[in-house]
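Student: Structure supplied as data04.pdb; contents: PDB, C-alpha atoms.
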ATOM      1  CA  MET K   1     100.902  74.858  86.964
ATOM      2  CA  THR K   2      98.827  75.490  90.074
ATOM      3  CA  GLU K   3      95.036  75.427  89.671
ATOM      4  CA  PRO K   4      93.493  78.740  90.782
ATOM      5  CA  ILE K   5      90.752  77.676  93.230
ATOM      6  CA  ILE K   6      91.626  75.877  96.460
ATOM      7  CA  ASP K   7      88.885  74.560  98.770
ATOM      8  CA  CYS K   8      90.006  74.932 102.391
ATOM      9  CA  THR K   9      86.706  74.007 104.038
ATOM     10  CA  ARG K  10      88.140  70.806 105.500
ATOM     11  CA  ASP K  11      90.973  72.764 107.119
ATOM     12  CA  GLY K  12      88.759  74.944 109.303
ATOM     13  CA  ASP K  13      89.700  73.478 112.687
ATOM     14  CA  GLN K  14      93.429  73.532 111.945
ATOM     15  CA  LEU K  15      93.321  77.111 110.642
ATOM     16  CA  ARG K  16      91.288  78.326 113.617
ATOM     17  CA  ALA K  17      93.831  76.732 115.952
ATOM     18  CA  LEU K  18      96.689  78.549 114.177
ATOM     19  CA  ALA K  19      94.798  81.854 114.289
ATOM     20  CA  ALA K  20      94.268  81.402 118.041
ATOM     21  CA  ARG K  21      98.053  81.441 118.554
ATOM     22  CA  LEU K  22      98.427  84.901 117.048
ATOM     23  CA  PRO K  23      98.439  88.076 119.180
ATOM     24  CA  LYS K  24      94.878  89.239 119.764
ATOM     25  CA  VAL K  25      95.480  92.941 118.991
ATOM     26  CA  PRO K  26      97.646  92.949 115.857
ATOM     27  CA  ARG K  27      98.109  96.706 115.437
ATOM     28  CA  ALA K  28      99.452  97.128 118.978
ATOM     29  CA  ASP K  29     102.758  95.638 117.757
ATOM     30  CA  LEU K  30     102.436  94.730 114.096
ATOM     31  CA  TYR K  31     106.048  93.564 113.744
ATOM     32  CA  ALA K  32     105.591  91.045 116.564
ATOM     33  CA  PHE K  33     102.230  89.969 115.175
ATOM     34  CA  LEU K  34     103.645  89.273 111.710
ATOM     35  CA  ASP K  35     106.759  87.570 113.138
ATOM     36  CA  THR K  36     104.466  85.226 115.069
ATOM     37  CA  ALA K  37     102.444  84.587 111.914
ATOM     38  CA  LYS K  38     105.659  83.645 110.106
ATOM     39  CA  GLN K  39     106.477  81.085 112.772
ATOM     40  CA  HIS K  40     103.076  79.435 112.375
ATOM     41  CA  SER K  41     102.883  79.715 108.582
ATOM     42  CA  VAL K  42     104.976  76.557 108.328
ATOM     43  CA  GLU K  43     102.138  74.734 110.107
ATOM     44  CA  LEU K  44      99.523  75.495 107.454
ATOM     45  CA  PRO K  45      97.748  72.386 106.115
ATOM     46  CA  GLN K  46     100.130  70.487 103.885
ATOM     47  CA  HIS K  47      98.117  70.838 100.685
ATOM     48  CA  LEU K  48      97.640  74.570 101.231
ATOM     49  CA  GLY K  49     101.287  75.229 102.050
ATOM     50  CA  ALA K  50     102.456  73.252  99.010
ATOM     51  CA  THR K  51     100.053  75.167  96.756
ATOM     52  CA  LEU K  52     101.253  78.526  98.073
ATOM     53  CA  ASP K  53     104.899  77.536  97.642
ATOM     54  CA  ALA K  54     104.319  76.393  94.061
ATOM     55  CA  PHE K  55     102.423  79.583  93.204
ATOM     56  CA  ASN K  56     105.146  81.688  94.790
ATOM     57  CA  ALA K  57     107.808  79.936  92.728
ATOM     58  CA  ASP K  58     106.174  79.823  89.294
ATOM     59  CA  GLY K  59     102.779  81.525  89.417
ATOM     60  CA  ASN K  60     100.072  80.039  87.205
ATOM     61  CA  ASN K  61      98.348  80.837  83.928
ATOM     62  CA  ASP K  62      95.375  82.496  85.641
ATOM     63  CA  GLY K  63      97.493  84.942  87.641
ATOM     64  CA  TYR K  64      95.681  84.355  90.915
ATOM     65  CA  LEU K  65      94.842  81.902  93.672
ATOM     66  CA  LEU K  66      91.439  81.874  95.329
ATOM     67  CA  LEU K  67      91.312  80.211  98.746
ATOM     68  CA  ARG K  68      87.720  79.337  99.654
ATOM     69  CA  GLY K  69      86.087  78.175 102.862
ATOM     70  CA  LEU K  70      88.499  79.801 105.307
ATOM     71  CA  PRO K  71      87.341  80.607 108.853
ATOM     72  CA  VAL K  72      85.415  83.885 108.968
ATOM     73  CA  ASP K  73      83.687  85.835 111.741
ATOM     74  CA  GLN K  74      79.900  85.673 111.642
ATOM     75  CA  GLY K  75      76.984  87.298 113.408
ATOM     76  CA  ASP K  76      77.837  89.513 116.357
ATOM     77  CA  ALA K  77      81.508  88.478 116.163
ATOM     78  CA  LEU K  78      81.889  90.628 113.042
ATOM     79  CA  PRO K  79      81.694  94.388 113.693
ATOM     80  CA  ALA K  80      79.844  96.786 111.433
ATOM     81  CA  THR K  81      81.522  97.593 108.150
ATOM     82  CA  PRO K  82      83.907 100.506 108.788
ATOM     83  CA  THR K  83      83.214 104.023 107.596
ATOM     84  CA  SER K  84      86.654 105.516 108.222
ATOM     85  CA  THR K  85      90.319 104.613 107.972
ATOM     86  CA  PRO K  86      92.733 103.667 109.460
ATOM     87  CA  ALA K  87      91.345 101.025 111.778
ATOM     88  CA  PRO K  88      91.659 101.707 115.519
ATOM     89  CA  VAL K  89      94.937 100.442 116.946
ATOM     90  CA  ASP K  90      93.051  98.559 119.662
ATOM     91  CA  ARG K  91      90.696  96.706 117.309
ATOM     92  CA  GLY K  92      90.833  92.986 117.992
ATOM     93  CA  LEU K  93      92.033  90.450 115.464
ATOM     94  CA  LEU K  94      89.446  89.375 112.907
ATOM     95  CA  SER K  95      89.518  85.903 111.398
ATOM     96  CA  MET K  96      90.145  87.178 107.880
ATOM     97  CA  GLU K  97      93.029  89.337 109.129
ATOM     98  CA  ALA K  98      94.520  86.229 110.730
ATOM     99  CA  MET K  99      94.261  84.364 107.405
ATOM    100  CA  LEU K 100      96.012  87.233 105.614
ATOM    101  CA  ALA K 101      98.789  87.049 108.193
ATOM    102  CA  LEU K 102      99.375  83.278 108.014
ATOM    103  CA  VAL K 103      99.032  82.941 104.251
ATOM    104  CA  GLY K 104     100.828  86.199 103.493
ATOM    105  CA  ARG K 105     103.850  85.313 105.626
ATOM    106  CA  ARG K 106     104.149  82.027 103.758
ATOM    107  CA  LEU K 107     104.583  84.132 100.609
ATOM    108  CA  GLY K 108     106.693  87.087 101.740
ATOM    109  CA  LEU K 109     106.665  90.389 103.614
ATOM    110  CA  HIS K 110     103.583  92.472 104.385
ATOM    111  CA  THR K 111     104.380  96.030 103.320
ATOM    112  CA  GLY K 112     102.775  99.416 103.861
ATOM    113  CA  TYR K 113     103.208 102.428 101.585
ATOM    114  CA  GLN K 114     103.771 105.693 103.420
ATOM    115  CA  GLU K 115     101.525 107.810 101.211
ATOM    116  CA  LEU K 116      98.666 105.308 101.093
ATOM    117  CA  ARG K 117      96.040 104.845 103.815
ATOM    118  CA  SER K 118      98.053 106.761 106.416
ATOM    119  CA  GLY K 119     100.973 104.377 105.960
ATOM    120  CA  THR K 120      99.100 101.399 107.379
ATOM    121  CA  VAL K 121      99.789  97.784 106.392
ATOM    122  CA  TYR K 122      96.300  96.336 106.820
ATOM    123  CA  HIS K 123      93.635  98.162 104.814
ATOM    124  CA  ASP K 124      89.884  97.974 105.295
ATOM    125  CA  VAL K 125      88.247  98.218 101.869
ATOM    126  CA  TYR K 126      84.649  99.435 102.019
ATOM    127  CA  PRO K 127      82.385 101.737  99.995
ATOM    128  CA  SER K 128      82.648 105.438 100.718
ATOM    129  CA  PRO K 129      80.309 108.125  99.369
ATOM    130  CA  GLY K 130      82.011 110.582  97.038
ATOM    131  CA  ALA K 131      85.183 108.472  96.673
ATOM    132  CA  HIS K 132      87.629 109.412  93.888
ATOM    133  CA  HIS K 133      87.080 107.289  90.783
ATOM    134  CA  LEU K 134      90.602 105.837  91.101
ATOM    135  CA  SER K 135      90.005 104.765  94.709
ATOM    136  CA  SER K 136      89.146 101.257  95.918
ATOM    137  CA  GLU K 137      86.415 102.948  98.003
ATOM    138  CA  THR K 138      84.308 103.520  94.896
ATOM    139  CA  SER K 139      81.225 101.344  94.589
ATOM    140  CA  GLU K 140      78.739 102.405  91.938
ATOM    141  CA  THR K 141      81.307 102.881  89.166
ATOM    142  CA  LEU K 142      83.785 100.449  87.622
ATOM    143  CA  LEU K 143      87.200 100.447  89.287
ATOM    144  CA  GLU K 144      89.228 100.162  86.092
ATOM    145  CA  PHE K 145      91.908  97.613  85.240
ATOM    146  CA  HIS K 146      95.264  98.272  86.827
ATOM    147  CA  THR K 147      98.443  96.582  87.925
ATOM    148  CA  GLU K 148      98.705  97.752  91.529
ATOM    149  CA  MET K 149     101.270 100.563  91.769
ATOM    150  CA  ALA K 150     102.854  99.650  88.426
ATOM    151  CA  TYR K 151     104.473 103.106  88.589
ATOM    152  CA  HIS K 152     106.178 102.391  91.964
ATOM    153  CA  ILE K 153     109.736 101.070  91.856
ATOM    154  CA  LEU K 154     108.854  98.835  94.834
ATOM    155  CA  GLN K 155     105.412  97.702  93.687
ATOM    156  CA  PRO K 156     104.133  94.675  95.609
ATOM    157  CA  ASN K 157     104.444  91.169  94.224
ATOM    158  CA  TYR K 158     101.011  90.178  95.536
ATOM    159  CA  VAL K 159      97.773  91.948  96.312
ATOM    160  CA  MET K 160      95.785  89.930  98.827
ATOM    161  CA  LEU K 161      92.070  90.525  99.371
ATOM    162  CA  ALA K 162      90.104  88.780 102.124
ATOM    163  CA  CYS K 163      86.331  88.945 102.344
ATOM    164  CA  SER K 164      84.565  89.338 105.676
ATOM    165  CA  ARG K 165      81.312  90.571 104.163
ATOM    166  CA  ALA K 166      79.999  90.507 100.576
ATOM    167  CA  ASP K 167      77.841  93.209  99.029
ATOM    168  CA  HIS K 168      74.121  92.731  99.663
ATOM    169  CA  GLU K 169      73.185  91.683  96.144
ATOM    170  CA  ARG K 170      76.393  89.752  95.427
ATOM    171  CA  LYS K 171      76.925  91.874  92.313
ATOM    172  CA  ALA K 172      80.523  92.967  92.897
ATOM    173  CA  LYS K 173      83.079  90.963  90.965
ATOM    174  CA  THR K 174      86.844  91.211  90.941
ATOM    175  CA  LEU K 175      88.125  90.931  87.377
ATOM    176  CA  VAL K 176      91.577  89.480  86.679
ATOM    177  CA  GLY K 177      93.384  89.513  83.333
ATOM    178  CA  SER K 178      96.565  87.426  83.037
ATOM    179  CA  VAL K 179      99.408  88.361  80.695
ATOM    180  CA  ARG K 180     100.187  84.667  80.260
ATOM    181  CA  LYS K 181      96.763  84.182  78.705
ATOM    182  CA  ALA K 182      96.793  87.466  76.786
ATOM    183  CA  LEU K 183     100.252  87.111  75.236
ATOM    184  CA  PRO K 184      99.282  84.513  72.591
ATOM    185  CA  LEU K 185      96.609  86.934  71.332
ATOM    186  CA  LEU K 186      99.181  89.622  70.530
ATOM    187  CA  SER K 187     100.980  89.831  67.201
ATOM    188  CA  ASP K 188     104.766  89.622  67.137
ATOM    189  CA  GLU K 189     104.816  93.275  66.088
ATOM    190  CA  VAL K 190     102.804  94.367  69.126
ATOM    191  CA  ARG K 191     104.878  92.243  71.497
ATOM    192  CA  THR K 192     108.077  93.756  70.139
ATOM    193  CA  ARG K 193     106.691  97.276  70.436
ATOM    194  CA  LEU K 194     105.616  96.815  74.058
ATOM    195  CA  PHE K 195     108.563  94.816  75.355
ATOM    196  CA  ASP K 196     111.074  96.720  77.494
ATOM    197  CA  ARG K 197     109.753 100.036  76.178
ATOM    198  CA  LYS K 198     109.224 102.798  78.731
ATOM    199  CA  MET K 199     105.989 104.749  78.464
ATOM    200  CA  PRO K 200     104.760 107.765  80.452
ATOM    201  CA  CYS K 201     102.508 106.887  83.375
ATOM    202  CA  MET K 202     100.572 109.028  85.834
ATOM    203  CA  VAL K 203     100.219 107.979  89.468
ATOM    204  CA  ASP K 204      97.308 107.533  91.865
ATOM    205  CA  VAL K 205      96.092 110.484  93.915
ATOM    206  CA  ALA K 206      97.815 109.305  97.117
ATOM    207  CA  PHE K 207     101.230 109.527  95.439
ATOM    208  CA  ARG K 208     100.845 112.986  93.879
ATOM    209  CA  GLY K 209     102.249 114.903  96.860
ATOM    210  CA  GLY K 210      99.213 117.139  97.127
ATOM    211  CA  VAL K 211      99.508 118.308  93.514
ATOM    212  CA  GLU K 212      96.175 117.996  91.718
ATOM    213  CA  ASP K 213      97.676 116.923  88.394
ATOM    214  CA  PRO K 214     101.452 116.454  88.319
ATOM    215  CA  GLY K 215     101.243 114.718  84.944
ATOM    216  CA  ALA K 216     103.084 111.533  84.008
ATOM    217  CA  ILE K 217     105.852 111.506  86.621
ATOM    218  CA  ALA K 218     106.675 107.811  86.136
ATOM    219  CA  GLU K 219     107.645 105.570  83.230
ATOM    220  CA  VAL K 220     106.325 102.017  82.961
ATOM    221  CA  LYS K 221     107.195  99.153  80.638
ATOM    222  CA  PRO K 222     104.005  97.332  79.587
ATOM    223  CA  LEU K 223     105.965  94.106  79.016
ATOM    224  CA  TYR K 224     109.367  93.360  80.533
ATOM    225  CA  GLY K 225     111.554  90.615  82.018
ATOM    226  CA  ASP K 226     111.648  87.337  80.101
ATOM    227  CA  GLU K 227     110.575  88.006  76.517
ATOM    228  CA  LYS K 228     108.923  84.567  76.297
ATOM    229  CA  ASP K 229     107.177  84.875  79.667
ATOM    230  CA  PRO K 230     107.021  88.618  80.339
ATOM    231  CA  LEU K 231     105.839  90.552  83.335
ATOM    232  CA  LEU K 232     103.082  93.129  82.984
ATOM    233  CA  GLY K 233     102.970  96.844  83.791
ATOM    234  CA  TYR K 234      99.522  98.166  82.940
ATOM    235  CA  ASP K 235      96.988 100.747  84.077
ATOM    236  CA  ARG K 236      94.021 101.618  81.893
ATOM    237  CA  GLU K 237      93.521 105.015  83.548
ATOM    238  CA  LEU K 238      97.113 106.072  84.186
ATOM    239  CA  LEU K 239      99.340 104.664  81.426
ATOM    240  CA  ALA K 240      99.724 107.541  78.947
ATOM    241  CA  PRO K 241     101.620 106.590  75.773
ATOM    242  CA  GLU K 242     102.322 109.510  73.442
ATOM    243  CA  ASP K 243     103.627 107.921  70.256
ATOM    244  CA  PRO K 244     100.769 106.783  67.961
ATOM    245  CA  ALA K 245     102.399 103.363  67.510
ATOM    246  CA  ASP K 246     102.662 102.995  71.294
ATOM    247  CA  LYS K 247      98.992 103.933  71.693
ATOM    248  CA  GLU K 248      98.013 101.333  69.114
ATOM    249  CA  ALA K 249     100.095  98.627  70.800
ATOM    250  CA  VAL K 250      98.660  99.425  74.251
ATOM    251  CA  ALA K 251      95.156  99.311  72.783
ATOM    252  CA  ALA K 252      95.894  95.836  71.399
ATOM    253  CA  LEU K 253      97.157  94.760  74.823
ATOM    254  CA  SER K 254      94.012  96.157  76.456
ATOM    255  CA  ALA K 255      91.801  94.219  74.067
ATOM    256  CA  ALA K 256      93.727  91.005  74.689
ATOM    257  CA  LEU K 257      93.453  91.421  78.450
ATOM    258  CA  ASP K 258      89.718  92.014  78.113
ATOM    259  CA  ASP K 259      89.397  88.824  76.080
ATOM    260  CA  VAL K 260      91.016  86.687  78.788
ATOM    261  CA  THR K 261      89.489  88.378  81.838
ATOM    262  CA  GLU K 262      88.096  86.078  84.535
ATOM    263  CA  GLU K 263      85.430  87.055  87.056
ATOM    264  CA  VAL K 264      85.869  86.275  90.746
ATOM    265  CA  SER K 265      82.930  86.743  93.111
ATOM    266  CA  LEU K 266      84.319  87.121  96.622
ATOM    267  CA  VAL K 267      82.216  85.702  99.446
ATOM    268  CA  PRO K 268      82.920  85.582 103.192
ATOM    269  CA  GLY K 269      85.773  83.174 103.896
ATOM    270  CA  ASP K 270      87.582  83.881 100.607
ATOM    271  CA  VAL K 271      91.160  85.068 100.232
ATOM    272  CA  LEU K 272      92.191  86.164  96.737
ATOM    273  CA  ILE K 273      95.920  86.303  95.980
ATOM    274  CA  ILE K 274      96.673  88.309  92.833
ATOM    275  CA  ASP K 275     100.057  87.975  91.107
ATOM    276  CA  ASN K 276     100.704  91.689  90.677
ATOM    277  CA  PHE K 277     103.574  91.195  88.228
ATOM    278  CA  ARG K 278     101.553  89.148  85.757
ATOM    279  CA  THR K 279      98.015  90.526  85.932
ATOM    280  CA  THR K 280      95.774  93.521  85.857
ATOM    281  CA  HIS K 281      92.630  93.618  87.966
ATOM    282  CA  ALA K 282      89.425  95.606  88.293
ATOM    283  CA  ARG K 283      86.138  95.602  90.215
ATOM    284  CA  THR K 284      82.610  95.861  88.871
ATOM    285  CA  PRO K 285      80.046  98.280  90.377
ATOM    286  CA  PHE K 286      77.737  97.425  93.254
ATOM    287  CA  SER K 287      75.131  99.299  95.292
ATOM    288  CA  PRO K 288      75.865  99.973  98.968
ATOM    289  CA  ARG K 289      73.025 100.480 101.442
ATOM    290  CA  TRP K 290      75.042 102.317 104.116
ATOM    291  CA  ASP K 291      73.502 100.072 106.783
ATOM    292  CA  GLY K 292      76.649  98.799 108.499
ATOM    293  CA  LYS K 293      76.463  95.558 106.511
ATOM    294  CA  ASP K 294      78.030  96.681 103.238
ATOM    295  CA  ARG K 295      80.871  94.901 101.471
ATOM    296  CA  TRP K 296      83.990  94.654 103.625
ATOM    297  CA  LEU K 297      87.315  93.400 102.357
ATOM    298  CA  HIS K 298      90.734  93.440 103.984
ATOM    299  CA  ARG K 299      93.782  94.159 101.821
ATOM    300  CA  VAL K 300      97.494  93.652 102.277
ATOM    301  CA  TYR K 301     100.438  94.004  99.926
ATOM    302  CA  ILE K 302     103.212  91.404  99.902
ATOM    303  CA  ARG K 303     106.770  91.913  98.665
ATOM    304  CA  THR K 304     109.116  89.033  97.866
ATOM    305  CA  ASP K 305     112.790  88.687  96.996
ATOM    306  CA  ARG K 306     112.232  88.919  93.239
ATOM    307  CA  ASN K 307     112.273  91.778  90.738
ATOM    308  CA  GLY K 308     114.275  94.109  92.937
ATOM    309  CA  GLN K 309     111.674  94.443  95.666
ATOM    310  CA  LEU K 310     114.065  93.710  98.519
ATOM    311  CA  SER K 311     117.655  94.783  99.109
ATOM    312  CA  GLY K 312     118.253  93.103 102.476
ATOM    313  CA  GLY K 313     117.212  93.724 106.051
ATOM    314  CA  GLU K 314     113.522  94.342 105.370
ATOM    315  CA  ARG K 315     110.850  93.082 107.780
ATOM    316  CA  ALA K 316     107.223  92.212 107.426
ATOM    317  CA  GLY K 317     105.372  95.330 108.568
ATOM    318  CA  ASP K 318     107.790  97.858 107.066
ATOM    319  CA  VAL K 319     106.324 101.026 105.577
ATOM    320  CA  ILE K 320     108.154 102.392 102.531
ATOM    321  CA  SER K 321     108.095 105.751 100.735
ATOM    322  CA  PHE K 322     107.313 106.473  97.101
ATOM    323  CA  SER K 323     109.883 106.277  94.327
ATOM    324  CA  PRO K 324     108.476 106.429  90.799
ATOM    325  CA  ARG K 325     109.684 104.120  88.086
ATOM    326  CA  ARG K 326     111.835 106.004  85.570
TER     327      ARG K 326
END
Please rewrite the model in this file as structure tokens.

Tutor:
Amino acid sequence: MTEPIIDCTRDGDQLRALAARLPKVPRADLYAFLDTAKQHSVELPQHLGATLDAFNADGNNDGYLLLRGLPVDQGDALPATPTSTPAPVDRGLLSMEAMLALVGRRLGLHTGYQELRSGTVYHDVYPSPGAHHLSSETSETLLEFHTEMAYHILQPNYVMLACSRADHERKAKTLVGSVRKALPLLSDEVRTRLFDRKMPCMVDVAFRGGVEDPGAIAEVKPLYGDEKDPLLGYDRELLAPEDPADKEAVAALSAALDDVTEEVSLVPGDVLIIDNFRTTHARTPFSPRWDGKDRWLHRVYIRTDRNGQLSGGERAGDVISFSPRR
């Protein structure tokens, strides 16, 4: 299977040339921007394109790809880290946003979620004082392990994170736990208990419809799909099994995922592609300085034609509404 870390340093000139062909103000017409990115995604360096295609087809044991050494804005070319969302419609294209467009369109369709980040497709991820503990805008507390939107019937296939600016002390780490590595650590009894079994699951604040605590309005299967190579539905904060045997099985799964967790330290020029059907991910704490130079990531969600994500006629740039898994 595909190795997780891909060095793209040698491809800088070619990638910059592809980025230069994209519209300069992506949010002015995001559909056109992403359509153009699709056209040029076939021109990605051969080794990079082949790696993305292989990962898209079969995944890998690690559950992620890390592309290193991509073109990134530096010095005055990179604005101050944002302090509000969404980004201005007239903000010019950043290098890392261009990489998310070209690489993401090789994989599938960029998708926004109506209730999340004002229904935008491109998300700036930055520390925010007083952020909810379930939010990606937290900084000084652990953002706990979760499969992104495991409770959403149209959860994304991939979470893509691009780094324009690292945290000052380089303390922040993205943690990834792969079900393919965790599965051998589970007993047959636990696997059987978790497989294809619906369990109550709460949802993130953005999807609660303004209700402070609507309870477990979704149902998630911790393991499902191919029994020998299952997919993962997991959220350490939101999955809420009620049966004692279910709680015990989920605890065993949690321990196994902890045992196989890998740390990824994102630095400028990195793009992390997380297989959201086979992993759970988290982020360790870091200390912002609120000086305009704090950690700044860019996030997009990618849907593909597997696991019921698409029904036909969808476009990259679509924004979809919430339907809980039941």

Student: List, as a count of residues only, every residue that the PyMOL selection byres ((chain K and resi 1-16) around 7) selects in the file provided.

Tutor: 18

Student: Determine the residue set returned by the PyMOL selection byres ((chain K and resi 287-300) around 8) for the present structure, and present it as a ChimeraX atom specification.

Tutor: /K:80-82,96-97,100,110-112,121-127,139-140,159-169,285-286,301-302

Student: Could you check the closest approach to K:Ser95 for each of K:Lys24, K:Arg303, K:Lys171, K:Arg283 and tell me which residue wins, using all atoms listed in the file?

Tutor: K:Lys24

Student: When you look at K:Thr120 with a cut-off of 10 Å (counting only C-alpha atoms), what residues show up, excluding the ones that are within fewer than 3 positions of it in the same chain? I need them as a ChimeraX atom specification.

Tutor: /K:27,85-87,111-117,123,300,317-319

Student: Of the residues K:Pro200, K:Pro324, K:Gly177, K:Pro156, which is the one nearest to K:Ala216, using only C-alpha atoms?

Tutor: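 Closest residue, counting only C-alpha atoms: K:Pro200.
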
Student: Name all residues at most 8 Å from stretch 254-260 of chain K (count all atoms listed in the file; drop same-chain ones fewer than 5 positions away) and give them as number ranges by chain.

Tutor: K: 177-179, 181-183, 185-186, 236

Student: To test your reading of the syntax: which residues would the PyMOL selection byres ((chain K and resi 28) around 12) return for the file shown? Reply as a list in words.

Tutor: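 Listing what the PyMOL selection byres ((chain K and resi 28) around 12) selects in the shown file: Pro23, Lys24, Val25, Pro26, Arg27, Asp29, Leu30, Tyr31, Ala32, Phe33, Leu34, Ala87, Pro88, Val89, Asp90, Arg91, Gly92 and Leu93 of chain K.
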
Student: Between K:Leu223, K:Val211, K:Ala172, K:Leu239, single out the one closest to K:Thr279, counting all atoms listed in the file.

Tutor: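 Smallest separation from K:Thr279 among the options: K:Leu223.
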
Student: Taking only C-alpha atoms into account, which of K:Val205, K:Val264, K:Met149, K:Ile274 comes nearest K:Asp235?

Tutor: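 Closest to K:Asp235, using only C-alpha atoms: K:Met149.
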
Student: Name all residues at most 12 Å from K:Asp188 (count only C-alpha atoms; drop same-chain ones fewer than 4 positions away) and give them as a PyMOL selection string.

Tutor: chain K and resi 183-184+192-195+227-228+249+252-253

Student: My list of candidates is K:Glu144, K:Asp213, K:Glu314, K:Asp196. Which is closest to K:Gly225 when distances are computed with only C-alpha atoms?

Tutor: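 Smallest distance to K:Gly225 is found for K:Asp196.
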
Student: Skipping near chain neighbours, those fewer than 3 positions away, what residues fall within 7 Å of K:Arg106 using only C-alpha atoms, listed as an MDAnalysis selection string?

Tutor: chainID K and resid 38 41 102:103

Student: Sorted by chain and rising residue number, which residues of stretch 238-300 of chain K lie within 12 Å of stretch 152-155 of chain K, and what are their closest atom pairs and distances in Å to one decimal, counting all atoms listed in the file, as a tab-separated table?

Tutor:
residue	atom	partner	partner_atom	distance
K:Asp275	CA	K:Gln155	CA	11.4
K:Asn276	CA	K:Gln155	CA	8.2
K:Phe277	CA	K:Gln155	CA	8.7

Student: Determine the nearest neighbour of K:Ala77 from the options K:Ile217, K:Cys201, K:Leu272, K:Leu94, counting only C-alpha atoms.

Tutor: K:Leu94

Student: Give me, please, the distance in Å between atom CA of K:Arg306 and atom CA of K:Asp58, quoted to one decimal.

Tutor: 11.6 Å

Student: What does the distance from atom CA of K:Gly119 to atom CA of K:Asp270 come to in Å, to one decimal?

Tutor: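 Computing it gives 25.1 Å between the two atoms.
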
Student: Considering only C-alpha atoms, return as a ChimeraX atom specification whatever protein or nucleic-acid residues lie within 6 Å of K:Val176, sequence-local ones (same chain, fewer than 5 positions apart) excluded.

Tutor: /K:261-262,280-281

Student: Just how far from atom CA of K:Gly269 is atom CA of K:Val72, in Å to one decimal?

Tutor: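 Interatomic distance here is 5.1 Å.
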
Student: Missing atoms in stretch 47-51 of chain K need filling: write out all heavy atoms for it as a PDB file, in the coordinates of the input.

Tutor:
ATOM      1  N   HIS K  47      98.512  70.563 102.071  1.00  0.00           N
ATOM      2  CA  HIS K  47      98.117  70.838 100.685  1.00  0.00           C
ATOM      3  C   HIS K  47      98.084  72.334 100.409  1.00  0.00           C
ATOM      4  O   HIS K  47      98.435  72.784  99.299  1.00  0.00           O
ATOM      5  CB  HIS K  47      96.743  70.212 100.387  1.00  0.00           C
ATOM      6  CG  HIS K  47      95.575  70.974 100.936  1.00  0.00           C
ATOM      7  ND1 HIS K  47      94.793  71.814 100.159  1.00  0.00           N
ATOM      8  CD2 HIS K  47      95.063  71.053 102.198  1.00  0.00           C
ATOM      9  CE1 HIS K  47      93.852  72.351 100.910  1.00  0.00           C
ATOM     10  NE2 HIS K  47      93.982  71.912 102.145  1.00  0.00           N
ATOM     11  N   LEU K  48      97.690  73.126 101.406  1.00  0.00           N
ATOM     12  CA  LEU K  48      97.640  74.570 101.231  1.00  0.00           C
ATOM     13  C   LEU K  48      99.043  75.157 101.160  1.00  0.00           C
ATOM     14  O   LEU K  48      99.345  75.980 100.276  1.00  0.00           O
ATOM     15  CB  LEU K  48      96.850  75.203 102.372  1.00  0.00           C
ATOM     16  CG  LEU K  48      96.775  76.733 102.394  1.00  0.00           C
ATOM     17  CD1 LEU K  48      96.234  77.280 101.083  1.00  0.00           C
ATOM     18  CD2 LEU K  48      95.922  77.204 103.578  1.00  0.00           C
ATOM     19  N   GLY K  49      99.912  74.736 102.071  1.00  0.00           N
ATOM     20  CA  GLY K  49     101.287  75.229 102.050  1.00  0.00           C
ATOM     21  C   GLY K  49     102.001  74.890 100.748  1.00  0.00           C
ATOM     22  O   GLY K  49     102.702  75.729 100.175  1.00  0.00           O
ATOM     23  N   ALA K  50     101.812  73.663 100.260  1.00  0.00           N
ATOM     24  CA  ALA K  50     102.456  73.252  99.010  1.00  0.00           C
ATOM     25  C   ALA K  50     101.938  74.066  97.831  1.00  0.00           C
ATOM     26  O   ALA K  50     102.702  74.450  96.925  1.00  0.00           O
ATOM     27  CB  ALA K  50     102.220  71.761  98.767  1.00  0.00           C
ATOM     28  N   THR K  51     100.639  74.363  97.831  1.00  0.00           N
ATOM     29  CA  THR K  51     100.053  75.167  96.756  1.00  0.00           C
ATOM     30  C   THR K  51     100.616  76.585  96.778  1.00  0.00           C
ATOM     31  O   THR K  51     100.969  77.141  95.730  1.00  0.00           O
ATOM     32  CB  THR K  51      98.522  75.205  96.897  1.00  0.00           C
ATOM     33  OG1 THR K  51      98.008  73.880  96.750  1.00  0.00           O
ATOM     34  CG2 THR K  51      97.902  76.105  95.845  1.00  0.00           C
TER      35      THR K  51
END
